[in-house]
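Undergrad: Pasting in a structure now, in structure tokens, and then I'll have a few things to ask.
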Amino acid sequence: MPRKSRELRLSQAAALVTAYEEANFSDDYRARFTRDMVSRLERNKGLSKRQREWLDNLIEEGVPAPK
């Protein structure tokens, strides 16, 4: 699997943050983590391997269904 570019990961993560906010999950730990990663990517900071993996997993899963 090829590695995602920083720009692609940033755009997908920003879209996920918007989706979390629209679903009223803005205080969820996954939403907070995603916002933190968007902030790091916007400042051209690197992400660790585990941060990249978890962010990519969250992007693939999308917003959880409300209970």
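Chain labels run A, B, ... following the order of the structure tokens; each chain numbers its residues from 1, and ligands are numbered from 1 in the order shown.
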Name the residues of chain A that come out as alpha helix (DSSP H) in a backbone DSSP run; write them as a ChimeraX atom specification.

TA: /A:6-22,29-42,49-61

Undergrad: Quick check, in Å to one decimal: how far apart do atom CA of A:Ser48 and atom CA of A:Gly62 lie?

TA: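 So the two atoms, atom CA of A:Ser48 and atom CA of A:Gly62, lie 21.0 Å apart.
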
Undergrad: Skipping near chain neighbours, those fewer than 2 positions away, what residues fall within 10 Å of A:Leu55 using only C-alpha atoms, listed as a CSV table (one decimal) with N, CA, C and O atoms, in the first residue's frame?

TA:
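Contents of the output file part-v1.csv:
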```
chain,number,residue,atom,x,y,z
A,9,ARG,N,-3.8,13.3,3.5
A,9,ARG,CA,-4.2,12.9,4.9
A,9,ARG,C,-4.8,14.1,5.6
A,9,ARG,O,-5.8,14.0,6.3
A,12,GLN,N,-8.4,14.6,4.2
A,12,GLN,CA,-9.3,13.6,4.7
A,12,GLN,C,-9.6,13.8,6.2
A,12,GLN,O,-10.7,13.6,6.6
A,13,ALA,N,-8.6,14.2,7.0
A,13,ALA,CA,-8.8,14.4,8.4
A,13,ALA,C,-9.6,15.6,8.7
A,13,ALA,O,-10.5,15.6,9.5
A,16,LEU,N,-13.1,14.6,8.1
A,16,LEU,CA,-13.6,13.8,9.2
A,16,LEU,C,-13.9,14.7,10.4
A,16,LEU,O,-15.0,14.4,11.1
A,30,ARG,N,-11.9,10.5,19.8
A,30,ARG,CA,-11.5,10.4,18.4
A,30,ARG,C,-11.5,11.7,17.7
A,30,ARG,O,-10.6,12.0,16.9
A,33,PHE,N,-8.5,13.8,18.9
A,33,PHE,CA,-7.3,13.3,18.3
A,33,PHE,C,-7.2,13.8,16.9
A,33,PHE,O,-6.1,14.2,16.5
A,34,THR,N,-8.3,13.6,16.1
A,34,THR,CA,-8.2,14.0,14.7
A,34,THR,C,-8.0,15.5,14.6
A,34,THR,O,-7.2,15.9,13.7
A,37,MET,N,-4.3,16.1,15.2
A,37,MET,CA,-3.5,15.7,14.0
A,37,MET,C,-3.6,16.7,12.9
A,37,MET,O,-2.7,17.0,12.2
A,38,VAL,N,-4.8,17.2,12.6
A,38,VAL,CA,-5.0,18.3,11.6
A,38,VAL,C,-4.1,19.5,12.0
A,38,VAL,O,-3.4,20.0,11.1
A,47,LEU,N,4.0,13.1,11.9
A,47,LEU,CA,3.2,12.2,12.8
A,47,LEU,C,4.1,11.0,13.0
A,47,LEU,O,4.7,10.5,12.1
A,49,LYS,N,4.5,6.9,13.6
A,49,LYS,CA,3.9,5.7,12.8
A,49,LYS,C,2.6,5.4,13.4
A,49,LYS,O,1.6,5.1,12.7
A,50,ARG,N,2.5,5.3,14.7
A,50,ARG,CA,1.2,4.9,15.4
A,50,ARG,C,0.1,6.0,15.2
A,50,ARG,O,-1.0,5.7,15.0
A,51,GLN,N,0.5,7.3,15.2
A,51,GLN,CA,-0.4,8.4,15.0
A,51,GLN,C,-1.0,8.3,13.6
A,51,GLN,O,-2.2,8.4,13.3
A,52,ARG,N,-0.1,8.0,12.6
A,52,ARG,CA,-0.5,7.9,11.2
A,52,ARG,C,-1.5,6.7,11.1
A,52,ARG,O,-2.5,6.8,10.4
A,53,GLU,N,-1.1,5.6,11.7
A,53,GLU,CA,-1.9,4.4,11.6
A,53,GLU,C,-3.3,4.6,12.2
A,53,GLU,O,-4.3,4.2,11.6
A,57,ASN,N,-6.9,4.7,10.2
A,57,ASN,CA,-8.0,3.8,10.6
A,57,ASN,C,-9.3,4.6,10.9
A,57,ASN,O,-10.4,4.2,10.5
A,58,LEU,N,-9.2,5.8,11.6
A,58,LEU,CA,-10.3,6.6,11.9
A,58,LEU,C,-11.0,7.1,10.6
A,58,LEU,O,-12.2,7.2,10.5
A,59,ILE,N,-10.1,7.5,9.6
A,59,ILE,CA,-10.6,8.0,8.4
A,59,ILE,C,-11.4,6.9,7.6
A,59,ILE,O,-12.4,7.2,7.1
A,60,GLU,N,-10.8,5.7,7.7
A,60,GLU,CA,-11.5,4.6,7.0
A,60,GLU,C,-12.8,4.2,7.7
A,60,GLU,O,-13.8,4.0,7.0
A,61,GLU,N,-12.9,4.3,9.0
A,61,GLU,CA,-14.1,3.9,9.8
A,61,GLU,C,-15.2,5.0,9.6
A,61,GLU,O,-16.4,4.7,9.7
```

Undergrad: List the neighbours of stretch 17-25 of chain A out to 8 Å using only C-alpha atoms; skip same-chain residues closer than 3 positions along the sequence, and give me the result as a list in words.

TA: Ala13, Ala14, Asp28, Ala31, Thr34, Arg35 and Val63 of chain A

Undergrad: Residues as selected, C-alpha atoms, written as a PDB file, in the first residue's frame, can you do that?

TA:
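Saved result, again_2.pdb, follows:
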```pdb
ATOM      1  CA  ALA A  13      -8.758  14.365   8.388  1.00  0.00           C
ATOM      2  CA  ALA A  14     -10.287  17.847   8.054  1.00  0.00           C
ATOM      3  CA  ASP A  28     -15.362  12.484  21.530  1.00  0.00           C
ATOM      4  CA  ALA A  31     -12.596  13.811  17.287  1.00  0.00           C
ATOM      5  CA  THR A  34      -8.239  14.034  14.735  1.00  0.00           C
ATOM      6  CA  ARG A  35      -8.327  17.794  15.417  1.00  0.00           C
ATOM      7  CA  VAL A  63     -18.041   8.721  12.208  1.00  0.00           C
TER       8      VAL A  63
END
```

Undergrad: Rounded to one decimal place, report the atom CA of A:Lys45-atom CA of A:Pro64 distance in Å.

TA: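 These atoms are spaced 27.6 Å apart.
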
Undergrad: Could you check the closest approach to A:Arg3 for each of A:Asp56, A:Asn44, A:Tyr29, A:Ala15 and tell me which residue wins, using only C-alpha atoms?

TA: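 Checking each candidate against A:Arg3, we get A:Asp56 as the closest.
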